[in-house]
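Colleague: Structure file start-v2.pdb (PDB, N, CA, C and O atoms) is given on the next line.
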```
MODEL        1
ATOM      1  N   MET A 174       0.850  -1.172   0.000
ATOM      2  CA  MET A 174       0.000   0.000   0.000
ATOM      3  C   MET A 174       0.896   1.236   0.000
ATOM      4  O   MET A 174       1.908   1.262   0.690
ATOM      5  N   ARG A 175       0.494   2.256  -0.732
ATOM      6  CA  ARG A 175       1.249   3.512  -0.776
ATOM      7  C   ARG A 175       1.255   4.184   0.597
ATOM      8  O   ARG A 175       0.297   4.069   1.355
ATOM      9  N   LEU A 176       2.336   4.869   0.873
ATOM     10  CA  LEU A 176       2.499   5.531   2.171
ATOM     11  C   LEU A 176       1.398   6.551   2.425
ATOM     12  O   LEU A 176       0.802   6.574   3.498
ATOM     13  N   ASP A 177       1.086   7.397   1.437
ATOM     14  CA  ASP A 177       0.064   8.427   1.646
ATOM     15  C   ASP A 177      -1.304   7.809   1.935
ATOM     16  O   ASP A 177      -2.038   8.271   2.804
ATOM     17  N   LYS A 178      -1.629   6.710   1.256
ATOM     18  CA  LYS A 178      -2.914   6.040   1.508
ATOM     19  C   LYS A 178      -2.931   5.394   2.898
ATOM     20  O   LYS A 178      -3.936   5.467   3.604
ATOM     21  N   TYR A 179      -1.815   4.786   3.302
ATOM     22  CA  TYR A 179      -1.746   4.174   4.631
ATOM     23  C   TYR A 179      -1.949   5.223   5.722
ATOM     24  O   TYR A 179      -2.674   4.984   6.683
ATOM     25  N   LEU A 180      -1.311   6.374   5.577
ATOM     26  CA  LEU A 180      -1.455   7.434   6.579
ATOM     27  C   LEU A 180      -2.905   7.884   6.695
ATOM     28  O   LEU A 180      -3.391   8.164   7.786
ATOM     29  N   LYS A 181      -3.616   7.927   5.581
ATOM     30  CA  LYS A 181      -5.022   8.341   5.599
ATOM     31  C   LYS A 181      -5.915   7.240   6.189
ATOM     32  O   LYS A 181      -6.740   7.500   7.067
ATOM     33  N   VAL A 182      -5.734   5.998   5.750
ATOM     34  CA  VAL A 182      -6.570   4.886   6.227
ATOM     35  C   VAL A 182      -6.382   4.675   7.730
ATOM     36  O   VAL A 182      -7.331   4.416   8.457
ATOM     37  N   SER A 183      -5.138   4.826   8.205
ATOM     38  CA  SER A 183      -4.852   4.603   9.626
ATOM     39  C   SER A 183      -5.237   5.810  10.482
ATOM     40  O   SER A 183      -5.111   5.765  11.698
ATOM     41  N   ARG A 184      -5.677   6.881   9.838
ATOM     42  CA  ARG A 184      -6.101   8.112  10.523
ATOM     43  C   ARG A 184      -4.937   8.828  11.221
ATOM     44  O   ARG A 184      -5.151   9.603  12.134
ATOM     45  N   LEU A 185      -3.703   8.547  10.807
ATOM     46  CA  LEU A 185      -2.557   9.299  11.333
ATOM     47  C   LEU A 185      -2.553  10.707  10.744
ATOM     48  O   LEU A 185      -2.125  11.650  11.382
ATOM     49  N   VAL A 186      -3.034  10.815   9.496
ATOM     50  CA  VAL A 186      -3.200  12.103   8.821
ATOM     51  C   VAL A 186      -4.633  12.153   8.334
ATOM     52  O   VAL A 186      -5.178  11.154   7.868
ATOM     53  N   LYS A 187      -5.243  13.332   8.438
ATOM     54  CA  LYS A 187      -6.679  13.444   8.169
ATOM     55  C   LYS A 187      -7.058  13.180   6.703
ATOM     56  O   LYS A 187      -8.029  12.485   6.428
ATOM     57  N   ARG A 188      -6.289  13.779   5.766
ATOM     58  CA  ARG A 188      -6.634  13.634   4.351
ATOM     59  C   ARG A 188      -5.397  13.254   3.542
ATOM     60  O   ARG A 188      -4.273  13.601   3.900
ATOM     61  N   ARG A 189      -5.615  12.582   2.419
ATOM     62  CA  ARG A 189      -4.507  12.116   1.586
ATOM     63  C   ARG A 189      -3.671  13.260   1.007
ATOM     64  O   ARG A 189      -2.440  13.153   0.979
ATOM     65  N   PRO A 190      -4.274  14.365   0.550
ATOM     66  CA  PRO A 190      -3.445  15.477   0.058
ATOM     67  C   PRO A 190      -2.524  16.043   1.150
ATOM     68  O   PRO A 190      -1.400  16.453   0.862
ATOM     69  N   VAL A 191      -2.985  16.033   2.388
ATOM     70  CA  VAL A 191      -2.151  16.493   3.505
ATOM     71  C   VAL A 191      -0.984  15.526   3.706
ATOM     72  O   VAL A 191       0.151  15.952   3.966
ATOM     73  N   ALA A 192      -1.229  14.231   3.555
ATOM     74  CA  ALA A 192      -0.170  13.230   3.660
ATOM     75  C   ALA A 192       0.860  13.441   2.539
ATOM     76  O   ALA A 192       2.064  13.345   2.778
ATOM     77  N   ASN A 193       0.384  13.742   1.331
ATOM     78  CA  ASN A 193       1.292  14.021   0.212
ATOM     79  C   ASN A 193       2.175  15.220   0.500
ATOM     80  O   ASN A 193       3.378  15.196   0.242
ATOM     81  N   GLU A 194       1.573  16.288   1.024
ATOM     82  CA  GLU A 194       2.331  17.501   1.342
ATOM     83  C   GLU A 194       3.386  17.224   2.406
ATOM     84  O   GLU A 194       4.511  17.714   2.316
ATOM     85  N   ALA A 195       3.030  16.458   3.428
ATOM     86  CA  ALA A 195       3.984  16.126   4.492
ATOM     87  C   ALA A 195       5.162  15.327   3.928
ATOM     88  O   ALA A 195       6.310  15.581   4.293
ATOM     89  N   CYS A 196       4.890  14.403   3.026
ATOM     90  CA  CYS A 196       5.962  13.614   2.410
ATOM     91  C   CYS A 196       6.847  14.502   1.535
ATOM     92  O   CYS A 196       8.074  14.396   1.581
ATOM     93  N   ASP A 197       6.231  15.386   0.739
ATOM     94  CA  ASP A 197       6.997  16.279  -0.129
ATOM     95  C   ASP A 197       7.878  17.228   0.680
ATOM     96  O   ASP A 197       8.959  17.609   0.240
ATOM     97  N   ALA A 198       7.408  17.617   1.872
ATOM     98  CA  ALA A 198       8.158  18.544   2.721
ATOM     99  C   ALA A 198       9.252  17.820   3.517
ATOM    100  O   ALA A 198      10.021  18.461   4.221
ATOM    101  N   GLY A 199       9.310  16.490   3.423
ATOM    102  CA  GLY A 199      10.344  15.731   4.114
ATOM    103  C   GLY A 199      10.061  15.503   5.584
ATOM    104  O   GLY A 199      10.967  15.228   6.363
ATOM    105  N   ARG A 200       8.793  15.602   5.989
ATOM    106  CA  ARG A 200       8.429  15.417   7.397
ATOM    107  C   ARG A 200       8.071  13.980   7.741
ATOM    108  O   ARG A 200       7.753  13.677   8.882
ATOM    109  N   VAL A 201       8.110  13.083   6.743
ATOM    110  CA  VAL A 201       7.766  11.674   6.982
ATOM    111  C   VAL A 201       8.970  10.809   6.629
ATOM    112  O   VAL A 201       9.562  10.961   5.557
ATOM    113  N   SER A 202       9.333   9.912   7.550
ATOM    114  CA  SER A 202      10.417   8.967   7.260
ATOM    115  C   SER A 202       9.945   7.553   7.565
ATOM    116  O   SER A 202       9.134   7.330   8.459
ATOM    117  N   VAL A 203      10.453   6.617   6.780
ATOM    118  CA  VAL A 203      10.141   5.195   6.965
ATOM    119  C   VAL A 203      11.463   4.467   7.172
ATOM    120  O   VAL A 203      12.372   4.569   6.342
ATOM    121  N   ASN A 204      11.566   3.776   8.290
ATOM    122  CA  ASN A 204      12.782   3.040   8.654
ATOM    123  C   ASN A 204      14.014   3.947   8.644
ATOM    124  O   ASN A 204      15.085   3.564   8.185
ATOM    125  N   GLY A 205      13.838   5.202   9.096
ATOM    126  CA  GLY A 205      14.953   6.127   9.229
ATOM    127  C   GLY A 205      15.321   6.891   7.974
ATOM    128  O   GLY A 205      16.229   7.711   7.990
ATOM    129  N   LYS A 206      14.619   6.667   6.861
ATOM    130  CA  LYS A 206      14.918   7.364   5.605
ATOM    131  C   LYS A 206      13.727   8.217   5.203
ATOM    132  O   LYS A 206      12.587   7.771   5.290
ATOM    133  N   THR A 207      13.998   9.440   4.740
ATOM    134  CA  THR A 207      12.930  10.304   4.254
ATOM    135  C   THR A 207      12.194   9.589   3.126
ATOM    136  O   THR A 207      12.822   9.017   2.238
ATOM    137  N   ALA A 208      10.847   9.630   3.181
ATOM    138  CA  ALA A 208      10.052   8.832   2.250
ATOM    139  C   ALA A 208       9.176   9.697   1.362
ATOM    140  O   ALA A 208       8.704  10.754   1.769
ATOM    141  N   LYS A 209       8.970   9.215   0.135
ATOM    142  CA  LYS A 209       8.030   9.843  -0.783
ATOM    143  C   LYS A 209       6.651   9.227  -0.562
ATOM    144  O   LYS A 209       6.530   8.129  -0.029
ATOM    145  N   ALA A 210       5.622   9.927  -1.016
ATOM    146  CA  ALA A 210       4.248   9.454  -0.838
ATOM    147  C   ALA A 210       3.996   8.136  -1.559
ATOM    148  O   ALA A 210       3.150   7.346  -1.150
ATOM    149  N   SER A 211       4.751   7.866  -2.617
ATOM    150  CA  SER A 211       4.511   6.662  -3.422
ATOM    151  C   SER A 211       5.202   5.412  -2.872
ATOM    152  O   SER A 211       5.019   4.326  -3.412
ATOM    153  N   LEU A 212       5.958   5.546  -1.792
ATOM    154  CA  LEU A 212       6.660   4.398  -1.208
ATOM    155  C   LEU A 212       5.663   3.338  -0.744
ATOM    156  O   LEU A 212       4.650   3.657  -0.129
ATOM    157  N   ASN A 213       5.961   2.080  -1.038
ATOM    158  CA  ASN A 213       5.105   0.980  -0.577
ATOM    159  C   ASN A 213       5.511   0.588   0.838
ATOM    160  O   ASN A 213       6.654   0.209   1.060
ATOM    161  N   VAL A 214       4.560   0.698   1.781
ATOM    162  CA  VAL A 214       4.846   0.305   3.160
ATOM    163  C   VAL A 214       4.520  -1.172   3.345
ATOM    164  O   VAL A 214       3.656  -1.713   2.665
ATOM    165  N   LYS A 215       5.265  -1.809   4.259
ATOM    166  CA  LYS A 215       5.075  -3.222   4.550
ATOM    167  C   LYS A 215       4.848  -3.373   6.051
ATOM    168  O   LYS A 215       5.185  -2.490   6.828
ATOM    169  N   ILE A 216       4.309  -4.504   6.452
ATOM    170  CA  ILE A 216       4.130  -4.789   7.868
ATOM    171  C   ILE A 216       5.513  -4.836   8.515
ATOM    172  O   ILE A 216       6.436  -5.439   7.981
ATOM    173  N   GLY A 217       5.645  -4.158   9.652
ATOM    174  CA  GLY A 217       6.919  -4.104  10.361
ATOM    175  C   GLY A 217       7.695  -2.821  10.117
ATOM    176  O   GLY A 217       8.645  -2.532  10.833
ATOM    177  N   ASP A 218       7.309  -2.024   9.104
ATOM    178  CA  ASP A 218       7.973  -0.747   8.849
ATOM    179  C   ASP A 218       7.718   0.214  10.000
ATOM    180  O   ASP A 218       6.645   0.193  10.616
ATOM    181  N   VAL A 219       8.698   1.071  10.284
ATOM    182  CA  VAL A 219       8.560   2.093  11.319
ATOM    183  C   VAL A 219       8.429   3.434  10.620
ATOM    184  O   VAL A 219       9.311   3.851   9.867
ATOM    185  N   ILE A 220       7.304   4.114  10.857
ATOM    186  CA  ILE A 220       7.024   5.410  10.234
ATOM    187  C   ILE A 220       7.142   6.490  11.294
ATOM    188  O   ILE A 220       6.586   6.355  12.383
ATOM    189  N   GLU A 221       7.855   7.566  10.954
ATOM    190  CA  GLU A 221       7.985   8.706  11.857
ATOM    191  C   GLU A 221       7.463   9.941  11.134
ATOM    192  O   GLU A 221       7.880  10.240  10.015
ATOM    193  N   ILE A 222       6.529  10.659  11.777
ATOM    194  CA  ILE A 222       5.905  11.834  11.179
ATOM    195  C   ILE A 222       6.142  13.030  12.082
ATOM    196  O   ILE A 222       5.927  12.954  13.292
ATOM    197  N   GLY A 223       6.560  14.137  11.484
ATOM    198  CA  GLY A 223       6.756  15.364  12.234
ATOM    199  C   GLY A 223       5.557  16.282  12.097
ATOM    200  O   GLY A 223       5.196  16.672  10.991
ATOM    201  N   PHE A 224       4.914  16.601  13.213
ATOM    202  CA  PHE A 224       3.795  17.543  13.257
ATOM    203  C   PHE A 224       4.266  18.771  14.026
ATOM    204  O   PHE A 224       4.171  18.801  15.256
ATOM    205  N   GLY A 225       4.801  19.770  13.339
ATOM    206  CA  GLY A 225       5.328  20.940  14.036
ATOM    207  C   GLY A 225       6.506  20.543  14.900
ATOM    208  O   GLY A 225       7.496  20.014  14.412
ATOM    209  N   ASP A 226       6.419  20.760  16.222
ATOM    210  CA  ASP A 226       7.508  20.383  17.123
ATOM    211  C   ASP A 226       7.306  19.005  17.738
ATOM    212  O   ASP A 226       8.106  18.548  18.536
ATOM    213  N   LYS A 227       6.220  18.330  17.355
ATOM    214  CA  LYS A 227       5.895  17.015  17.903
ATOM    215  C   LYS A 227       6.187  15.932  16.862
ATOM    216  O   LYS A 227       5.950  16.126  15.680
ATOM    217  N   LYS A 228       6.735  14.813  17.304
ATOM    218  CA  LYS A 228       6.995  13.693  16.396
ATOM    219  C   LYS A 228       6.204  12.476  16.853
ATOM    220  O   LYS A 228       6.102  12.209  18.041
ATOM    221  N   VAL A 229       5.654  11.753  15.886
ATOM    222  CA  VAL A 229       4.917  10.521  16.160
ATOM    223  C   VAL A 229       5.648   9.384  15.458
ATOM    224  O   VAL A 229       5.950   9.472  14.271
ATOM    225  N   LYS A 230       5.936   8.326  16.211
ATOM    226  CA  LYS A 230       6.645   7.171  15.663
ATOM    227  C   LYS A 230       5.764   5.947  15.845
ATOM    228  O   LYS A 230       5.351   5.646  16.968
ATOM    229  N   VAL A 231       5.447   5.261  14.740
ATOM    230  CA  VAL A 231       4.562   4.093  14.801
ATOM    231  C   VAL A 231       5.154   2.939  14.004
ATOM    232  O   VAL A 231       5.955   3.138  13.100
ATOM    233  N   GLU A 232       4.732   1.725  14.376
ATOM    234  CA  GLU A 232       5.107   0.521  13.633
ATOM    235  C   GLU A 232       3.864  -0.014  12.936
ATOM    236  O   GLU A 232       2.789  -0.108  13.538
ATOM    237  N   VAL A 233       4.003  -0.357  11.664
ATOM    238  CA  VAL A 233       2.888  -0.872  10.867
ATOM    239  C   VAL A 233       2.581  -2.303  11.306
ATOM    240  O   VAL A 233       3.456  -3.164  11.284
ATOM    241  N   LEU A 234       1.330  -2.547  11.727
ATOM    242  CA  LEU A 234       0.916  -3.887  12.152
ATOM    243  C   LEU A 234       0.046  -4.583  11.115
ATOM    244  O   LEU A 234       0.017  -5.802  11.042
ATOM    245  N   SER A 235      -0.695  -3.792  10.329
ATOM    246  CA  SER A 235      -1.626  -4.374   9.371
ATOM    247  C   SER A 235      -1.831  -3.412   8.208
ATOM    248  O   SER A 235      -1.726  -2.201   8.378
ATOM    249  N   LEU A 236      -2.121  -3.956   7.039
ATOM    250  CA  LEU A 236      -2.395  -3.149   5.852
ATOM    251  C   LEU A 236      -3.804  -3.481   5.365
ATOM    252  O   LEU A 236      -4.034  -4.542   4.807
ATOM    253  N   GLU A 237      -4.726  -2.595   5.617
ATOM    254  CA  GLU A 237      -6.114  -2.784   5.188
ATOM    255  C   GLU A 237      -6.512  -1.631   4.282
ATOM    256  O   GLU A 237      -6.145  -0.494   4.526
ATOM    257  N   GLU A 238      -7.284  -1.923   3.237
ATOM    258  CA  GLU A 238      -7.716  -0.881   2.304
ATOM    259  C   GLU A 238      -8.706   0.092   2.950
ATOM    260  O   GLU A 238      -8.665   1.275   2.694
ATOM    261  N   THR A 239      -9.605  -0.435   3.770
ATOM    262  CA  THR A 239     -10.575   0.423   4.466
ATOM    263  C   THR A 239     -10.671  -0.044   5.911
ATOM    264  O   THR A 239     -10.455  -1.213   6.210
ATOM    265  N   TYR A 240     -10.990   0.881   6.774
ATOM    266  CA  TYR A 240     -11.111   0.563   8.196
ATOM    267  C   TYR A 240     -12.062   1.542   8.848
ATOM    268  O   TYR A 240     -12.120   2.695   8.455
ATOM    269  N   LYS A 241     -12.806   1.070   9.848
ATOM    270  CA  LYS A 241     -13.699   1.964  10.580
ATOM    271  C   LYS A 241     -12.881   2.891  11.460
ATOM    272  O   LYS A 241     -11.790   2.541  11.904
ATOM    273  N   LYS A 242     -13.417   4.062  11.721
ATOM    274  CA  LYS A 242     -12.688   5.088  12.470
ATOM    275  C   LYS A 242     -12.215   4.594  13.836
ATOM    276  O   LYS A 242     -11.061   4.795  14.212
ATOM    277  N   ASP A 243     -13.083   3.920  14.591
ATOM    278  CA  ASP A 243     -12.702   3.497  15.948
ATOM    279  C   ASP A 243     -11.713   2.330  15.934
ATOM    280  O   ASP A 243     -11.038   2.089  16.909
ATOM    281  N   GLU A 244     -11.631   1.589  14.841
ATOM    282  CA  GLU A 244     -10.744   0.432  14.774
ATOM    283  C   GLU A 244      -9.424   0.753  14.060
ATOM    284  O   GLU A 244      -8.546  -0.100  13.982
ATOM    285  N   ALA A 245      -9.258   1.981  13.571
ATOM    286  CA  ALA A 245      -8.065   2.354  12.803
ATOM    287  C   ALA A 245      -6.788   2.242  13.620
ATOM    288  O   ALA A 245      -5.720   1.988  13.077
ATOM    289  N   LYS A 246      -6.882   2.386  14.938
ATOM    290  CA  LYS A 246      -5.696   2.306  15.790
ATOM    291  C   LYS A 246      -5.095   0.907  15.825
ATOM    292  O   LYS A 246      -3.961   0.725  16.277
ATOM    293  N   GLU A 247      -5.840  -0.088  15.357
ATOM    294  CA  GLU A 247      -5.332  -1.459  15.328
ATOM    295  C   GLU A 247      -4.349  -1.675  14.168
ATOM    296  O   GLU A 247      -3.685  -2.704  14.115
ATOM    297  N   LEU A 248      -4.258  -0.702  13.260
ATOM    298  CA  LEU A 248      -3.357  -0.823  12.114
ATOM    299  C   LEU A 248      -1.911  -0.540  12.466
ATOM    300  O   LEU A 248      -1.003  -0.878  11.725
ATOM    301  N   TYR A 249      -1.674   0.120  13.619
ATOM    302  CA  TYR A 249      -0.319   0.492  13.991
ATOM    303  C   TYR A 249      -0.121   0.448  15.498
ATOM    304  O   TYR A 249      -1.085   0.384  16.252
ATOM    305  N   LYS A 250       1.157   0.466  15.905
ATOM    306  CA  LYS A 250       1.506   0.489  17.329
ATOM    307  C   LYS A 250       2.407   1.704  17.535
ATOM    308  O   LYS A 250       3.413   1.854  16.840
ATOM    309  N   VAL A 251       2.054   2.566  18.482
ATOM    310  CA  VAL A 251       2.860   3.751  18.776
ATOM    311  C   VAL A 251       4.121   3.320  19.533
ATOM    312  O   VAL A 251       4.060   2.554  20.480
ATOM    313  N   LEU A 252       5.260   3.826  19.077
ATOM    314  CA  LEU A 252       6.534   3.482  19.707
ATOM    315  C   LEU A 252       7.036   4.614  20.580
ATOM    316  O   LEU A 252       6.721   5.736  20.416
TER     317      LEU A 252
ENDMDL
END
```
I need this file expressed as structure tokens, please.
Modeller:
Amino acid sequence: MRLDKYLKVSRLVKRRPVANEACDAGRVSVNGKTAKASLNVKIGDVIEIGFGDKKVKVEVLSLEETYKKDEAKELYKVL
């Protein structure tokens, strides 16, 4: 699954265009490397997102095309 779509489905980022902008600005890294929106994420990847002065680091647990809002947190584990 593409990184921008995963961020949207997992509700880490509200909308896909916002996820694209964050990737283009270099605020998203996967496994320690700056990532483009088109990168394919796999189970076990570690994603780090910078939101202003706050950073969120998560591990990918599952890749689902669609998920309910309350169950979206099951797609990742906060590190």
Colleague: Rank A:Leu236, A:Cys196, A:Ala245, A:Ala210 by their smallest atom-to-atom distance to Ile222 in chain A, using only C-alpha atoms, and report the top residue only.
Modeller: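 The shortest atom-to-atom distance to Ile222 in chain A comes from A:Cys196.
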Colleague: Is there a way to get, as a PyMOL selection string, all residues within 5 Å of the point (-7.9, 6.8, 13.7) in file coordinates, counting all atoms listed in the file?
Modeller: chain A and resi 183-184+242+245-246
Colleague: What separation in Å, quoted to one decimal, exists between CA of Val201 in chain A and atom N of Glu238 in chain A?
Modeller: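 Computed distance, CA of Val201 in chain A to atom N of Glu238 in chain A, equals 20.6 Å.
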Colleague: Looking at A:Lys230, A:Lys178, A:Lys209, A:Arg188, which one is nearest to Lys250 in chain A, with distances taken over only C-alpha atoms?
Modeller: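 Checking each of A:Lys230, A:Lys178, A:Lys209, A:Arg188 against Lys250 in chain A, counting only C-alpha atoms, the winner is A:Lys230.
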Colleague: When DSSP is applied to the backbone of this structure, which of chain A are assigned helix (DSSP H, G or I)? Write them out as a ChimeraX atom specification.
Modeller: /A:176-182,189-197,242-248
Colleague: With the file shown as input, list the residues that the PyMOL selection byres (((chain A and resi 197 and name CA) around 12) and name CA) selects, as a ChimeraX atom specification.
Modeller: /A:176-177,190-196,198-202,207-212
Colleague: Mind writing the picked residues with N, CA, C and O atoms as a PDB file, keeping the file's coordinate frame?
Modeller:
```
ATOM      1  N   LEU A 176       2.336   4.869   0.873  1.00  0.00           N
ATOM      2  CA  LEU A 176       2.499   5.531   2.171  1.00  0.00           C
ATOM      3  C   LEU A 176       1.398   6.551   2.425  1.00  0.00           C
ATOM      4  O   LEU A 176       0.802   6.574   3.498  1.00  0.00           O
ATOM      5  N   ASP A 177       1.086   7.397   1.437  1.00  0.00           N
ATOM      6  CA  ASP A 177       0.064   8.427   1.646  1.00  0.00           C
ATOM      7  C   ASP A 177      -1.304   7.809   1.935  1.00  0.00           C
ATOM      8  O   ASP A 177      -2.038   8.271   2.804  1.00  0.00           O
ATOM      9  N   PRO A 190      -4.274  14.365   0.550  1.00  0.00           N
ATOM     10  CA  PRO A 190      -3.445  15.477   0.058  1.00  0.00           C
ATOM     11  C   PRO A 190      -2.524  16.043   1.150  1.00  0.00           C
ATOM     12  O   PRO A 190      -1.400  16.453   0.862  1.00  0.00           O
ATOM     13  N   VAL A 191      -2.985  16.033   2.388  1.00  0.00           N
ATOM     14  CA  VAL A 191      -2.151  16.493   3.505  1.00  0.00           C
ATOM     15  C   VAL A 191      -0.984  15.526   3.706  1.00  0.00           C
ATOM     16  O   VAL A 191       0.151  15.952   3.966  1.00  0.00           O
ATOM     17  N   ALA A 192      -1.229  14.231   3.555  1.00  0.00           N
ATOM     18  CA  ALA A 192      -0.170  13.230   3.660  1.00  0.00           C
ATOM     19  C   ALA A 192       0.860  13.441   2.539  1.00  0.00           C
ATOM     20  O   ALA A 192       2.064  13.345   2.778  1.00  0.00           O
ATOM     21  N   ASN A 193       0.384  13.742   1.331  1.00  0.00           N
ATOM     22  CA  ASN A 193       1.292  14.021   0.212  1.00  0.00           C
ATOM     23  C   ASN A 193       2.175  15.220   0.500  1.00  0.00           C
ATOM     24  O   ASN A 193       3.378  15.196   0.242  1.00  0.00           O
ATOM     25  N   GLU A 194       1.573  16.288   1.024  1.00  0.00           N
ATOM     26  CA  GLU A 194       2.331  17.501   1.342  1.00  0.00           C
ATOM     27  C   GLU A 194       3.386  17.224   2.406  1.00  0.00           C
ATOM     28  O   GLU A 194       4.511  17.714   2.316  1.00  0.00           O
ATOM     29  N   ALA A 195       3.030  16.458   3.428  1.00  0.00           N
ATOM     30  CA  ALA A 195       3.984  16.126   4.492  1.00  0.00           C
ATOM     31  C   ALA A 195       5.162  15.327   3.928  1.00  0.00           C
ATOM     32  O   ALA A 195       6.310  15.581   4.293  1.00  0.00           O
ATOM     33  N   CYS A 196       4.890  14.403   3.026  1.00  0.00           N
ATOM     34  CA  CYS A 196       5.962  13.614   2.410  1.00  0.00           C
ATOM     35  C   CYS A 196       6.847  14.502   1.535  1.00  0.00           C
ATOM     36  O   CYS A 196       8.074  14.396   1.581  1.00  0.00           O
ATOM     37  N   ALA A 198       7.408  17.617   1.872  1.00  0.00           N
ATOM     38  CA  ALA A 198       8.158  18.544   2.721  1.00  0.00           C
ATOM     39  C   ALA A 198       9.252  17.820   3.517  1.00  0.00           C
ATOM     40  O   ALA A 198      10.021  18.461   4.221  1.00  0.00           O
ATOM     41  N   GLY A 199       9.310  16.490   3.423  1.00  0.00           N
ATOM     42  CA  GLY A 199      10.344  15.731   4.114  1.00  0.00           C
ATOM     43  C   GLY A 199      10.061  15.503   5.584  1.00  0.00           C
ATOM     44  O   GLY A 199      10.967  15.228   6.363  1.00  0.00           O
ATOM     45  N   ARG A 200       8.793  15.602   5.989  1.00  0.00           N
ATOM     46  CA  ARG A 200       8.429  15.417   7.397  1.00  0.00           C
ATOM     47  C   ARG A 200       8.071  13.980   7.741  1.00  0.00           C
ATOM     48  O   ARG A 200       7.753  13.677   8.882  1.00  0.00           O
ATOM     49  N   VAL A 201       8.110  13.083   6.743  1.00  0.00           N
ATOM     50  CA  VAL A 201       7.766  11.674   6.982  1.00  0.00           C
ATOM     51  C   VAL A 201       8.970  10.809   6.629  1.00  0.00           C
ATOM     52  O   VAL A 201       9.562  10.961   5.557  1.00  0.00           O
ATOM     53  N   SER A 202       9.333   9.912   7.550  1.00  0.00           N
ATOM     54  CA  SER A 202      10.417   8.967   7.260  1.00  0.00           C
ATOM     55  C   SER A 202       9.945   7.553   7.565  1.00  0.00           C
ATOM     56  O   SER A 202       9.134   7.330   8.459  1.00  0.00           O
ATOM     57  N   THR A 207      13.998   9.440   4.740  1.00  0.00           N
ATOM     58  CA  THR A 207      12.930  10.304   4.254  1.00  0.00           C
ATOM     59  C   THR A 207      12.194   9.589   3.126  1.00  0.00           C
ATOM     60  O   THR A 207      12.822   9.017   2.238  1.00  0.00           O
ATOM     61  N   ALA A 208      10.847   9.630   3.181  1.00  0.00           N
ATOM     62  CA  ALA A 208      10.052   8.832   2.250  1.00  0.00           C
ATOM     63  C   ALA A 208       9.176   9.697   1.362  1.00  0.00           C
ATOM     64  O   ALA A 208       8.704  10.754   1.769  1.00  0.00           O
ATOM     65  N   LYS A 209       8.970   9.215   0.135  1.00  0.00           N
ATOM     66  CA  LYS A 209       8.030   9.843  -0.783  1.00  0.00           C
ATOM     67  C   LYS A 209       6.651   9.227  -0.562  1.00  0.00           C
ATOM     68  O   LYS A 209       6.530   8.129  -0.029  1.00  0.00           O
ATOM     69  N   ALA A 210       5.622   9.927  -1.016  1.00  0.00           N
ATOM     70  CA  ALA A 210       4.248   9.454  -0.838  1.00  0.00           C
ATOM     71  C   ALA A 210       3.996   8.136  -1.559  1.00  0.00           C
ATOM     72  O   ALA A 210       3.150   7.346  -1.150  1.00  0.00           O
ATOM     73  N   SER A 211       4.751   7.866  -2.617  1.00  0.00           N
ATOM     74  CA  SER A 211       4.511   6.662  -3.422  1.00  0.00           C
ATOM     75  C   SER A 211       5.202   5.412  -2.872  1.00  0.00           C
ATOM     76  O   SER A 211       5.019   4.326  -3.412  1.00  0.00           O
ATOM     77  N   LEU A 212       5.958   5.546  -1.792  1.00  0.00           N
ATOM     78  CA  LEU A 212       6.660   4.398  -1.208  1.00  0.00           C
ATOM     79  C   LEU A 212       5.663   3.338  -0.744  1.00  0.00           C
ATOM     80  O   LEU A 212       4.650   3.657  -0.129  1.00  0.00           O
TER      81      LEU A 212
END
```
Colleague: Counting all atoms listed in the file, figure out which residue out of A:Leu180, A:Leu234, A:Val214, A:Val219 gets nearest to Glu247 in chain A.
Modeller: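 Counting all atoms listed in the file, the residue closest to Glu247 in chain A is A:Leu234.
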Colleague: Evaluated on this file, the PyMOL selection byres ((chain A and resi 233) around 6) picks out some residues - which ones are they, written as a list in words?
Modeller: Lys215, Ile216, Gly217, Asp218, Val219, Ile220, Val231, Glu232, Leu234, Ser235, Leu248, Tyr249 and Lys250 of chain A
